[in-house]
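Trainee: Input structure: query27.cif, which contains mmCIF, C-alpha atoms.
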data_data
#
loop_
_atom_site.group_PDB
_atom_site.id
_atom_site.type_symbol
_atom_site.label_atom_id
_atom_site.label_comp_id
_atom_site.auth_asym_id
_atom_site.auth_seq_id
_atom_site.Cartn_x
_atom_site.Cartn_y
_atom_site.Cartn_z
ATOM 1 C CA MET A 1 64.570 -68.108 186.247
ATOM 2 C CA THR A 2 63.741 -65.796 183.369
ATOM 3 C CA ALA A 3 67.074 -66.220 181.667
ATOM 4 C CA SER A 4 67.917 -69.868 182.155
ATOM 5 C CA ARG A 5 70.175 -71.217 179.455
ATOM 6 C CA SER A 6 67.531 -73.634 178.264
ATOM 7 C CA ASP A 7 65.542 -70.705 176.825
ATOM 8 C CA LYS A 8 68.052 -70.042 174.061
ATOM 9 C CA PHE A 9 66.255 -69.480 170.750
ATOM 10 C CA ASP A 10 67.085 -72.053 168.064
ATOM 11 C CA PRO A 11 65.886 -70.630 164.714
ATOM 12 C CA ARG A 12 65.870 -74.113 163.147
ATOM 13 C CA LEU A 13 63.369 -75.535 165.658
ATOM 14 C CA ASP A 14 61.804 -72.626 167.523
ATOM 15 C CA LEU A 15 59.492 -69.731 166.762
ATOM 16 C CA LEU A 16 59.708 -66.530 168.747
ATOM 17 C CA LEU A 17 57.479 -63.531 169.297
ATOM 18 C CA GLU A 18 59.134 -60.712 171.189
ATOM 19 C CA ARG A 19 57.563 -57.349 171.860
ATOM 20 C CA THR A 20 57.209 -54.538 174.375
ATOM 21 C CA ILE A 21 53.569 -53.950 175.208
ATOM 22 C CA ASP A 22 51.763 -51.165 176.985
ATOM 23 C CA VAL A 23 50.322 -53.333 179.781
ATOM 24 C CA PRO A 24 51.842 -53.983 183.238
ATOM 25 C CA VAL A 25 53.164 -57.484 183.960
ATOM 26 C CA ASN A 26 50.511 -58.340 186.534
ATOM 27 C CA LEU A 27 47.759 -57.894 183.930
ATOM 28 C CA VAL A 28 49.680 -59.921 181.346
ATOM 29 C CA TRP A 29 50.011 -62.667 183.952
ATOM 30 C CA ALA A 30 46.288 -62.518 184.761
ATOM 31 C CA ALA A 31 45.411 -62.594 181.060
ATOM 32 C CA TRP A 32 47.415 -65.820 180.645
ATOM 33 C CA THR A 33 46.330 -67.627 183.801
ATOM 34 C CA GLN A 34 42.621 -66.970 184.380
ATOM 35 C CA PRO A 35 40.165 -68.764 182.076
ATOM 36 C CA GLU A 36 37.751 -65.826 181.880
ATOM 37 C CA HIS A 37 40.574 -63.684 180.498
ATOM 38 C CA VAL A 38 42.250 -66.321 178.313
ATOM 39 C CA SER A 39 38.965 -66.788 176.467
ATOM 40 C CA LYS A 40 38.993 -63.133 175.457
ATOM 41 C CA TRP A 41 42.231 -63.013 173.495
ATOM 42 C CA LEU A 42 44.043 -66.347 172.898
ATOM 43 C CA THR A 43 42.768 -66.985 169.370
ATOM 44 C CA PRO A 44 42.919 -64.255 166.732
ATOM 45 C CA ALA A 45 39.408 -63.163 165.621
ATOM 46 C CA PRO A 46 37.240 -64.397 164.002
ATOM 47 C CA TRP A 47 38.358 -67.557 165.851
ATOM 48 C CA THR A 48 37.097 -67.750 169.411
ATOM 49 C CA VAL A 49 37.848 -69.688 172.593
ATOM 50 C CA VAL A 50 34.647 -71.391 173.732
ATOM 51 C CA ASP A 51 35.990 -73.248 176.755
ATOM 52 C CA CYS A 52 39.074 -73.004 178.968
ATOM 53 C CA GLU A 53 40.239 -74.913 182.032
ATOM 54 C CA ILE A 54 43.320 -74.008 184.073
ATOM 55 C CA ASP A 55 44.866 -75.756 187.064
ATOM 56 C CA LEU A 56 47.805 -73.479 187.718
ATOM 57 C CA ARG A 57 50.471 -75.796 189.106
ATOM 58 C CA PRO A 58 53.185 -78.012 187.595
ATOM 59 C CA GLY A 59 51.418 -80.993 186.032
ATOM 60 C CA GLY A 60 48.054 -79.183 186.143
ATOM 61 C CA VAL A 61 45.729 -79.015 183.166
ATOM 62 C CA PHE A 62 45.732 -76.304 180.525
ATOM 63 C CA ARG A 63 42.796 -77.005 178.240
ATOM 64 C CA PHE A 64 40.999 -74.786 175.754
ATOM 65 C CA VAL A 65 38.673 -75.235 172.813
ATOM 66 C CA MET A 66 39.171 -73.042 169.752
ATOM 67 C CA ARG A 67 36.176 -72.484 167.458
ATOM 68 C CA SER A 68 36.721 -71.683 163.795
ATOM 69 C CA PRO A 69 34.658 -69.047 161.948
ATOM 70 C CA GLU A 70 32.758 -71.998 160.389
ATOM 71 C CA GLY A 71 31.837 -73.251 163.867
ATOM 72 C CA LYS A 72 34.199 -76.215 164.037
ATOM 73 C CA ASP A 73 35.738 -76.887 167.457
ATOM 74 C CA PHE A 74 39.400 -77.713 167.995
ATOM 75 C CA PRO A 75 40.148 -78.919 171.523
ATOM 76 C CA ASN A 76 43.654 -78.514 172.934
ATOM 77 C CA VAL A 77 44.932 -80.084 176.101
ATOM 78 C CA GLY A 78 48.301 -79.929 177.773
ATOM 79 C CA CYS A 79 49.853 -79.283 181.139
ATOM 80 C CA PHE A 80 51.714 -76.542 182.913
ATOM 81 C CA LEU A 81 55.389 -77.073 183.685
ATOM 82 C CA GLU A 82 56.677 -73.880 185.310
ATOM 83 C CA ILE A 83 54.727 -71.156 187.040
ATOM 84 C CA VAL A 84 56.587 -68.077 188.271
ATOM 85 C CA PRO A 85 53.973 -65.382 188.823
ATOM 86 C CA ASN A 86 54.486 -62.214 186.748
ATOM 87 C CA GLN A 87 57.656 -63.674 185.213
ATOM 88 C CA ARG A 88 57.410 -67.004 183.507
ATOM 89 C CA LEU A 89 54.825 -69.532 182.371
ATOM 90 C CA VAL A 90 55.724 -72.803 180.661
ATOM 91 C CA TRP A 91 53.279 -75.330 179.252
ATOM 92 C CA THR A 92 53.314 -78.113 176.690
ATOM 93 C CA ASP A 93 50.941 -80.268 174.686
ATOM 94 C CA ALA A 94 53.488 -83.110 174.735
ATOM 95 C CA LEU A 95 52.217 -84.008 178.196
ATOM 96 C CA LEU A 96 48.673 -84.328 179.469
ATOM 97 C CA PRO A 97 47.758 -83.369 183.046
ATOM 98 C CA GLY A 98 49.782 -85.423 185.530
ATOM 99 C CA TYR A 99 52.649 -85.555 182.996
ATOM 100 C CA ARG A 100 51.222 -88.396 180.904
ATOM 101 C CA PRO A 101 52.806 -88.352 177.407
ATOM 102 C CA SER A 102 50.225 -87.213 174.848
ATOM 103 C CA GLU A 103 49.191 -88.803 171.548
ATOM 104 C CA ASN A 104 49.975 -85.813 169.329
ATOM 105 C CA PRO A 105 52.727 -83.636 170.737
ATOM 106 C CA PHE A 106 53.250 -80.435 168.781
ATOM 107 C CA PHE A 107 54.997 -77.796 170.836
ATOM 108 C CA SER A 108 55.983 -76.396 174.218
ATOM 109 C CA ALA A 109 55.524 -72.713 175.014
ATOM 110 C CA ILE A 110 57.782 -70.608 177.217
ATOM 111 C CA ILE A 111 56.186 -67.256 177.983
ATOM 112 C CA THR A 112 58.275 -64.639 179.775
ATOM 113 C CA MET A 113 57.408 -61.158 180.944
ATOM 114 C CA ALA A 114 59.442 -58.439 182.654
ATOM 115 C CA PRO A 115 58.587 -54.865 183.601
ATOM 116 C CA GLN A 116 59.709 -52.268 181.074
ATOM 117 C CA GLY A 117 58.758 -48.722 182.053
ATOM 118 C CA LYS A 118 55.016 -48.914 182.719
ATOM 119 C CA GLY A 119 54.692 -51.800 180.290
ATOM 120 C CA THR A 120 56.051 -55.291 179.740
ATOM 121 C CA ARG A 121 58.816 -56.866 177.747
ATOM 122 C CA TYR A 122 57.043 -59.970 176.482
ATOM 123 C CA THR A 123 58.401 -63.070 174.780
ATOM 124 C CA ALA A 124 56.626 -66.186 173.574
ATOM 125 C CA LEU A 125 58.926 -69.025 172.536
ATOM 126 C CA ALA A 126 57.391 -72.051 170.806
ATOM 127 C CA ARG A 127 59.588 -75.163 170.750
ATOM 128 C CA HIS A 128 59.142 -78.014 168.284
ATOM 129 C CA ARG A 129 60.685 -81.436 168.008
ATOM 130 C CA ASP A 130 61.866 -81.058 164.423
ATOM 131 C CA GLU A 131 62.072 -78.625 161.521
ATOM 132 C CA ALA A 132 58.912 -80.014 159.929
ATOM 133 C CA ALA A 133 56.849 -79.164 163.007
ATOM 134 C CA ARG A 134 58.395 -75.695 163.268
ATOM 135 C CA LYS A 135 57.657 -75.085 159.579
ATOM 136 C CA ARG A 136 54.084 -76.316 159.918
ATOM 137 C CA HIS A 137 53.506 -73.973 162.858
ATOM 138 C CA GLU A 138 55.025 -71.117 160.868
ATOM 139 C CA GLU A 139 52.772 -71.877 157.893
ATOM 140 C CA MET A 140 49.730 -72.051 160.174
ATOM 141 C CA GLY A 141 50.526 -68.378 160.719
ATOM 142 C CA PHE A 142 52.442 -68.348 163.995
ATOM 143 C CA HIS A 143 53.823 -64.837 163.686
ATOM 144 C CA ASP A 144 50.690 -63.193 162.409
ATOM 145 C CA GLY A 145 48.404 -65.252 164.667
ATOM 146 C CA TRP A 146 50.316 -64.922 167.915
ATOM 147 C CA GLY A 147 50.917 -61.238 167.098
ATOM 148 C CA LYS A 148 47.201 -60.580 166.575
ATOM 149 C CA ALA A 149 46.382 -62.527 169.727
ATOM 150 C CA LEU A 150 48.844 -60.366 171.652
ATOM 151 C CA ASP A 151 47.143 -57.232 170.263
ATOM 152 C CA GLN A 152 43.890 -58.681 171.600
ATOM 153 C CA LEU A 153 45.503 -59.354 174.984
ATOM 154 C CA VAL A 154 46.615 -55.722 175.157
ATOM 155 C CA ALA A 155 43.156 -54.422 174.182
ATOM 156 C CA HIS A 156 41.474 -56.747 176.682
ATOM 157 C CA ALA A 157 43.908 -55.922 179.504
ATOM 158 C CA LYS A 158 43.110 -52.223 179.152
ATOM 159 C CA ASN A 159 39.546 -53.065 180.200
ATOM 160 C CA MET A 160 40.476 -55.459 182.986
ATOM 161 C CA MET B 1 53.312 -81.851 196.806
ATOM 162 C CA THR B 2 53.747 -85.560 197.473
ATOM 163 C CA ALA B 3 50.076 -86.370 197.245
ATOM 164 C CA SER B 4 48.811 -84.178 194.452
ATOM 165 C CA ARG B 5 45.747 -85.607 192.776
ATOM 166 C CA SER B 6 47.576 -86.007 189.494
ATOM 167 C CA ASP B 7 49.556 -88.910 190.976
ATOM 168 C CA LYS B 8 46.570 -91.242 191.050
ATOM 169 C CA PHE B 9 47.533 -94.671 189.733
ATOM 170 C CA ASP B 10 45.660 -95.722 186.592
ATOM 171 C CA PRO B 11 46.178 -99.490 186.156
ATOM 172 C CA ARG B 12 45.262 -99.274 182.464
ATOM 173 C CA LEU B 13 48.049 -96.819 181.614
ATOM 174 C CA ASP B 14 50.471 -96.755 184.545
ATOM 175 C CA LEU B 15 52.958 -99.099 186.171
ATOM 176 C CA LEU B 16 53.737 -98.783 189.855
ATOM 177 C CA LEU B 17 56.477 -100.013 192.138
ATOM 178 C CA GLU B 18 55.810 -99.383 195.821
ATOM 179 C CA ARG B 19 58.011 -100.581 198.636
ATOM 180 C CA THR B 20 59.427 -99.712 202.042
ATOM 181 C CA ILE B 21 63.212 -99.815 201.972
ATOM 182 C CA ASP B 22 65.816 -99.811 204.690
ATOM 183 C CA VAL B 23 67.560 -96.599 203.593
ATOM 184 C CA PRO B 24 66.863 -93.038 204.808
ATOM 185 C CA VAL B 25 65.238 -90.607 202.379
ATOM 186 C CA ASN B 26 68.268 -88.363 202.014
ATOM 187 C CA LEU B 27 70.315 -91.269 200.634
ATOM 188 C CA VAL B 28 67.517 -92.312 198.293
ATOM 189 C CA TRP B 29 67.430 -88.732 197.037
ATOM 190 C CA ALA B 30 71.209 -88.664 196.559
ATOM 191 C CA ALA B 31 71.091 -92.014 194.752
ATOM 192 C CA TRP B 32 68.584 -90.591 192.262
ATOM 193 C CA THR B 33 70.132 -87.170 191.699
ATOM 194 C CA GLN B 34 73.915 -87.553 191.576
ATOM 195 C CA PRO B 35 75.399 -89.129 188.442
ATOM 196 C CA GLU B 36 78.117 -91.011 190.326
ATOM 197 C CA HIS B 37 75.415 -92.761 192.352
ATOM 198 C CA VAL B 38 72.855 -93.226 189.560
ATOM 199 C CA SER B 39 75.454 -95.149 187.567
ATOM 200 C CA LYS B 40 75.750 -97.691 190.359
ATOM 201 C CA TRP B 41 72.174 -98.949 190.472
ATOM 202 C CA LEU B 42 69.779 -97.666 187.770
ATOM 203 C CA THR B 43 69.999 -100.679 185.450
ATOM 204 C CA PRO B 44 69.633 -104.218 186.788
ATOM 205 C CA ALA B 45 72.869 -106.221 186.408
ATOM 206 C CA PRO B 46 74.341 -107.407 184.114
ATOM 207 C CA TRP B 47 73.233 -104.205 182.387
ATOM 208 C CA THR B 48 75.305 -101.168 183.364
ATOM 209 C CA VAL B 49 75.078 -97.380 183.151
ATOM 210 C CA VAL B 50 78.153 -96.110 181.335
ATOM 211 C CA ASP B 51 77.352 -92.392 181.279
ATOM 212 C CA CYS B 52 74.996 -90.098 183.177
ATOM 213 C CA GLU B 53 74.356 -86.361 183.057
ATOM 214 C CA ILE B 54 72.082 -84.505 185.453
ATOM 215 C CA ASP B 55 71.078 -80.847 185.541
ATOM 216 C CA LEU B 56 68.798 -80.851 188.538
ATOM 217 C CA ARG B 57 66.227 -78.161 187.756
ATOM 218 C CA PRO B 58 62.917 -78.048 185.888
ATOM 219 C CA GLY B 59 63.749 -78.334 182.199
ATOM 220 C CA GLY B 60 67.269 -79.598 182.977
ATOM 221 C CA VAL B 61 68.777 -82.639 181.310
ATOM 222 C CA PHE B 62 68.518 -86.194 182.610
ATOM 223 C CA ARG B 63 70.635 -88.331 180.292
ATOM 224 C CA PHE B 64 72.071 -91.807 180.783
ATOM 225 C CA VAL B 65 73.480 -94.536 178.594
ATOM 226 C CA MET B 66 72.575 -98.145 179.387
ATOM 227 C CA ARG B 67 74.959 -100.863 178.182
ATOM 228 C CA SER B 68 73.614 -104.359 177.505
ATOM 229 C CA PRO B 69 75.538 -107.494 178.551
ATOM 230 C CA GLU B 70 76.511 -107.810 174.848
ATOM 231 C CA GLY B 71 78.070 -104.343 174.942
ATOM 232 C CA LYS B 72 75.395 -102.473 173.012
ATOM 233 C CA ASP B 73 74.669 -98.937 174.211
ATOM 234 C CA PHE B 74 71.167 -97.514 174.622
ATOM 235 C CA PRO B 75 71.161 -93.764 175.213
ATOM 236 C CA ASN B 76 68.238 -92.163 177.033
ATOM 237 C CA VAL B 77 67.577 -88.468 177.263
ATOM 238 C CA GLY B 78 64.812 -86.548 178.939
ATOM 239 C CA CYS B 79 64.277 -83.656 181.278
ATOM 240 C CA PHE B 80 63.370 -83.046 184.878
ATOM 241 C CA LEU B 81 59.969 -81.562 185.644
ATOM 242 C CA GLU B 82 59.654 -81.380 189.446
ATOM 243 C CA ILE B 83 62.366 -81.408 192.058
ATOM 244 C CA VAL B 84 61.371 -81.449 195.728
ATOM 245 C CA PRO B 85 64.458 -82.617 197.658
ATOM 246 C CA ASN B 86 63.925 -85.782 199.699
ATOM 247 C CA GLN B 87 60.291 -85.971 198.581
ATOM 248 C CA ARG B 88 59.569 -85.984 194.909
ATOM 249 C CA LEU B 89 61.350 -86.221 191.583
ATOM 250 C CA VAL B 90 59.560 -86.100 188.235
ATOM 251 C CA TRP B 91 61.136 -86.562 184.833
ATOM 252 C CA THR B 92 60.020 -87.532 181.339
ATOM 253 C CA ASP B 93 61.461 -88.695 178.041
ATOM 254 C CA ALA B 94 58.591 -86.957 176.216
ATOM 255 C CA LEU B 95 60.531 -83.709 176.528
ATOM 256 C CA LEU B 96 64.185 -82.992 175.880
ATOM 257 C CA PRO B 97 66.111 -80.455 177.951
ATOM 258 C CA GLY B 98 64.489 -77.033 177.675
ATOM 259 C CA TYR B 99 61.097 -78.735 177.267
ATOM 260 C CA ARG B 100 61.484 -79.495 173.555
ATOM 261 C CA PRO B 101 59.092 -82.341 172.551
ATOM 262 C CA SER B 102 61.093 -85.498 171.846
ATOM 263 C CA GLU B 103 60.991 -87.831 168.847
ATOM 264 C CA ASN B 104 60.159 -91.003 170.753
ATOM 265 C CA PRO B 105 58.211 -90.360 173.923
ATOM 266 C CA PHE B 106 57.730 -93.446 176.060
ATOM 267 C CA PHE B 107 57.000 -92.564 179.665
ATOM 268 C CA SER B 108 57.121 -90.076 182.517
ATOM 269 C CA ALA B 109 58.340 -91.130 185.951
ATOM 270 C CA ILE B 110 57.066 -89.799 189.263
ATOM 271 C CA ILE B 111 59.323 -90.903 192.127
ATOM 272 C CA THR B 112 58.182 -90.207 195.674
ATOM 273 C CA MET B 113 59.846 -90.898 198.976
ATOM 274 C CA ALA B 114 58.764 -90.323 202.579
ATOM 275 C CA PRO B 115 60.378 -91.250 205.895
ATOM 276 C CA GLN B 116 59.077 -94.489 207.421
ATOM 277 C CA GLY B 117 60.798 -95.391 210.659
ATOM 278 C CA LYS B 118 64.515 -95.307 209.829
ATOM 279 C CA GLY B 119 63.745 -96.189 206.235
ATOM 280 C CA THR B 120 61.768 -94.854 203.293
ATOM 281 C CA ARG B 121 58.377 -95.448 201.798
ATOM 282 C CA TYR B 122 59.258 -95.412 198.108
ATOM 283 C CA THR B 123 57.052 -95.280 195.026
ATOM 284 C CA ALA B 124 57.951 -95.198 191.358
ATOM 285 C CA LEU B 125 55.052 -94.459 189.032
ATOM 286 C CA ALA B 126 55.600 -94.832 185.280
ATOM 287 C CA ARG B 127 53.021 -93.107 183.067
ATOM 288 C CA HIS B 128 52.361 -94.054 179.461
ATOM 289 C CA ARG B 129 50.267 -92.494 176.738
ATOM 290 C CA ASP B 130 48.297 -95.632 175.895
ATOM 291 C CA GLU B 131 47.764 -99.246 176.891
ATOM 292 C CA ALA B 132 50.171 -100.523 174.220
ATOM 293 C CA ALA B 133 53.043 -98.517 175.712
ATOM 294 C CA ARG B 134 52.171 -99.628 179.250
ATOM 295 C CA LYS B 135 52.063 -103.237 178.078
ATOM 296 C CA ARG B 136 55.361 -102.932 176.227
ATOM 297 C CA HIS B 137 57.018 -101.530 179.341
ATOM 298 C CA GLU B 138 55.519 -104.340 181.415
ATOM 299 C CA GLU B 139 56.809 -106.956 178.961
ATOM 300 C CA MET B 140 60.250 -105.341 178.984
ATOM 301 C CA GLY B 141 60.215 -106.396 182.616
ATOM 302 C CA PHE B 142 59.207 -103.258 184.483
ATOM 303 C CA HIS B 143 58.349 -104.911 187.778
ATOM 304 C CA ASP B 144 61.287 -107.270 187.908
ATOM 305 C CA GLY B 145 63.713 -104.713 186.442
ATOM 306 C CA TRP B 146 62.758 -101.720 188.561
ATOM 307 C CA GLY B 147 62.561 -104.011 191.598
ATOM 308 C CA LYS B 148 66.086 -105.357 191.019
ATOM 309 C CA ALA B 149 67.344 -101.838 190.398
ATOM 310 C CA LEU B 150 65.830 -100.758 193.711
ATOM 311 C CA ASP B 151 67.590 -103.658 195.449
ATOM 312 C CA GLN B 152 70.801 -102.321 193.917
ATOM 313 C CA LEU B 153 69.997 -98.790 195.114
ATOM 314 C CA VAL B 154 69.569 -100.132 198.647
ATOM 315 C CA ALA B 155 72.813 -102.111 198.508
ATOM 316 C CA HIS B 156 74.689 -99.134 197.089
ATOM 317 C CA ALA B 157 73.190 -96.659 199.578
ATOM 318 C CA LYS B 158 74.471 -98.752 202.470
ATOM 319 C CA ASN B 159 77.993 -98.000 201.260
ATOM 320 C CA MET B 160 77.435 -94.327 200.542
#
If you took the structure in this file and wrote it as structure tokens, what would it be?
Mentor:
Amino acid sequence: MTASRSDKFDPRLDLLLERTIDVPVNLVWAAWTQPEHVSKWLTPAPWTVVDCEIDLRPGGVFRFVMRSPEGKDFPNVGCFLEIVPNQRLVWTDALLPGYRPSENPFFSAIITMAPQGKGTRYTALARHRDEAARKRHEEMGFHDGWGKALDQLVAHAKNM
Amino acid sequence: MTASRSDKFDPRLDLLLERTIDVPVNLVWAAWTQPEHVSKWLTPAPWTVVDCEIDLRPGGVFRFVMRSPEGKDFPNVGCFLEIVPNQRLVWTDALLPGYRPSENPFFSAIITMAPQGKGTRYTALARHRDEAARKRHEEMGFHDGWGKALDQLVAHAKNM
């Protein structure tokens, strides 16, 4: 399932982070799927995650609250779509838990991981409905932000 | 998976059709998942389905074109979310194939079927993002329309 044709990167509408990291796939999977780990790395510092809820099944909740350096909270809620342990995790904010369409859809995320040596080949694909949304996500700092978050995941995983 | 807690009916936001039909589950499943069958029953006459495309996997396309009695075509495109043969089919128009958020999300559908005697206990749950969307769907004739379509499914299945 890691190379289904629906994962093809569309530079007009998608954003992609692709990197080989020095952490085995099982720890990357744990970092993405257990709230106590997610809270440690998902938002690039000085932003923090102050709450996280995960129901790891298709249609199950993925909720987290990001706190800005000024102390303002930004809740996010979506649902999981595909769960293939140590390989593939898909979630979206276009659907709430139980697949209910959401008020403010922004993007779907397709995270893949595969063993590479002792580490992991990691990709994070963010899909948007139009160019404006892709551009907005890019201007919010997708590449820098998701890159820094991934650095944090690696640092955290080394202490897991 | 047929009774996950996320299927709970919310009368404020959901519409539900529930019926026991005189057709075995495997034919109900075939009627929902094979384009040549879908075209025969999905829209209540005199509406017709003039095209249908199905890629039966999570993230795969579910596309069909409804033609009005006046000859106007209404294309629909969405993607499948859950596929449990002879039990459960979930799809949404809030996501396009490959999970890309869509421009005009309206509802997600959770179809369940279970053997009952020689027939099938059938439910179709339509989930909306707000009361206005639920109401609009109701006024478009959800109960009458989906009920007539199900009558057509039964009639068609008896000749399959």
Trainee: Write out as JSON lines a residue-level contact list of chain A versus chain B with cut-off 6 Å: for each qualifying residue the closest pair of atoms and the distance in Å to one decimal, counting all atoms listed in the file, rows sorted by chain and residue number upward.
Mentor:
{"residue": "A:Ser6", "atom": "CA", "partner": "B:Gly98", "partner_atom": "CA", "distance": 4.6}
{"residue": "A:Gly98", "atom": "CA", "partner": "B:Ser6", "partner_atom": "CA", "distance": 4.6}
{"residue": "A:Arg100", "atom": "CA", "partner": "B:Arg127", "partner_atom": "CA", "distance": 5.5}
{"residue": "A:Pro101", "atom": "CA", "partner": "B:Arg129", "partner_atom": "CA", "distance": 4.9}
{"residue": "A:Ser102", "atom": "CA", "partner": "B:Arg129", "partner_atom": "CA", "distance": 5.6}
{"residue": "A:Arg127", "atom": "CA", "partner": "B:Arg100", "partner_atom": "CA", "distance": 5.5}
{"residue": "A:His128", "atom": "CA", "partner": "B:Arg100", "partner_atom": "CA", "distance": 6.0}
{"residue": "A:Arg129", "atom": "CA", "partner": "B:Pro101", "partner_atom": "CA", "distance": 4.9}
Trainee: Could you give me, as a list of chain:residue names, the residues within 6 Å of A:Ala124, counting all atoms listed in the file and dropping anything in the same chain fewer than 2 positions from it?
Mentor: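 Surrounding residues, per the criterion: A:Leu16, A:Leu17, A:Ile110, A:Ile111.
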Trainee: Would you kindly return, as a list in words, each protein, DNA or RNA residue with an atom no farther than 12 Å from any atom of A:Gly147, considering only C-alpha atoms and excluding same-chain residues fewer than 6 positions away?
Mentor: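 Counting only C-alpha atoms, the residues come to Leu16, Leu17, Glu18, Arg19, Thr20, Ile21, Trp41, Leu42, Thr43, Pro44, Ala45, Tyr122, Thr123, Ala124, Gly141, Leu153 and Val154 of chain A.
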Trainee: May I ask for the distance between atom CA of B:Val77 and atom CA of A:Asn76, given in Å to one decimal place?
Mentor: 26.3 Å
Trainee: If the PyMOL selection byres ((chain B and resi 114) around 9) is run on the structure shown, which residues does it catch, given as a count of residues only?
Mentor: 14
Trainee: Give me, please, the distance in Å between atom CA of B:Asn159 and atom CA of B:Glu53, quoted to one decimal.
Mentor: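 Computing the Euclidean distance for atom CA of B:Asn159 and atom CA of B:Glu53 yields 21.9 Å.
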Trainee: What is the distance between atom CA of A:Cys52 and atom CA of A:Val38, in Å to one decimal?
Mentor: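 Between atom CA of A:Cys52 and atom CA of A:Val38 the gap works out to 7.4 Å.
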Trainee: Taking every listed atom of stretch 116-133 of chain B and adding 4 Å to each side, what centre and edge lengths in Å (one decimal) does the axis-aligned box have, as AutoDock Vina command-line options?
Mentor:
--center_x 56.1 --center_y -96.5 --center_z 192.4 --size_x 24.8 --size_y 16.0 --size_z 44.4
Trainee: May I ask which of the residues A:Pro35, A:Pro85, A:Gly117, A:Pro46 is the closest one to A:Arg67, counting only C-alpha atoms?
Mentor: A:Pro46
Trainee: Counting all atoms listed in the file, which residue out of B:Leu56, B:Val84, B:Ala149, B:Val50 sits closest to B:Asn26?
Mentor: B:Val84
Trainee: I'd like to know which of A:Leu15, A:Val23, A:Leu125, A:Met66 is closest to A:His137, using all atoms listed in the file.
Mentor: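 Using all atoms listed in the file, A:His137 sits closest to A:Leu15.
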Trainee: So that I can see what lies close to A:Ile54, please list as a list of chain:residue names the residues with an atom at most 9 Å from it, counting all atoms listed in the file and leaving out residues fewer than 6 positions away in the same chain.
Mentor: A:Thr33, A:Gln34, A:Pro35, A:Gly60, A:Val61, A:Phe62, A:Arg63, A:Phe64, A:Cys79, A:Phe80
Trainee: Provide stretch 56-88 of chain A of the preceding structure as a file containing C-alpha atoms, as an mmCIF file, in the first residue's frame.
Mentor:
data_model
loop_
_atom_site.group_PDB
_atom_site.id
_atom_site.type_symbol
_atom_site.label_atom_id
_atom_site.label_comp_id
_atom_site.auth_asym_id
_atom_site.auth_seq_id
_atom_site.Cartn_x
_atom_site.Cartn_y
_atom_site.Cartn_z
ATOM 1 C CA LEU A 56 -6.148 4.813 15.846
ATOM 2 C CA ARG A 57 -8.658 3.329 13.417
ATOM 3 C CA PRO A 58 -10.294 4.487 10.171
ATOM 4 C CA GLY A 59 -12.807 7.178 11.112
ATOM 5 C CA GLY A 60 -11.211 7.603 14.558
ATOM 6 C CA VAL A 61 -10.334 10.989 15.996
ATOM 7 C CA PHE A 62 -7.018 12.762 15.578
ATOM 8 C CA ARG A 63 -7.183 15.898 17.692
ATOM 9 C CA PHE A 64 -4.445 18.171 18.983
ATOM 10 C CA VAL A 65 -4.171 21.674 20.365
ATOM 11 C CA MET A 66 -1.223 23.821 19.302
ATOM 12 C CA ARG A 67 -0.177 26.672 21.609
ATOM 13 C CA SER A 68 1.593 29.705 20.186
ATOM 14 C CA PRO A 69 4.554 31.361 21.950
ATOM 15 C CA GLU A 70 2.062 34.081 23.023
ATOM 16 C CA GLY A 71 -0.106 31.438 24.706
ATOM 17 C CA LYS A 72 -2.924 31.328 22.168
ATOM 18 C CA ASP A 73 -4.432 27.885 21.546
ATOM 19 C CA PHE A 74 -5.243 26.531 18.097
ATOM 20 C CA PRO A 75 -7.323 23.349 18.203
ATOM 21 C CA ASN A 76 -7.188 20.929 15.274
ATOM 22 C CA VAL A 77 -9.502 18.018 14.735
ATOM 23 C CA GLY A 78 -9.683 15.458 11.980
ATOM 24 C CA CYS A 79 -9.906 11.736 11.475
ATOM 25 C CA PHE A 80 -7.677 8.882 10.474
ATOM 26 C CA LEU A 81 -8.267 7.235 7.109
ATOM 27 C CA GLU A 82 -5.582 4.573 6.665
ATOM 28 C CA ILE A 83 -3.489 2.866 9.296
ATOM 29 C CA VAL A 84 -0.789 0.430 8.186
ATOM 30 C CA PRO A 85 1.568 0.012 11.131
ATOM 31 C CA ASN A 86 5.191 1.002 10.427
ATOM 32 C CA GLN A 87 4.306 1.864 6.820
ATOM 33 C CA ARG A 88 1.546 4.334 6.230
#
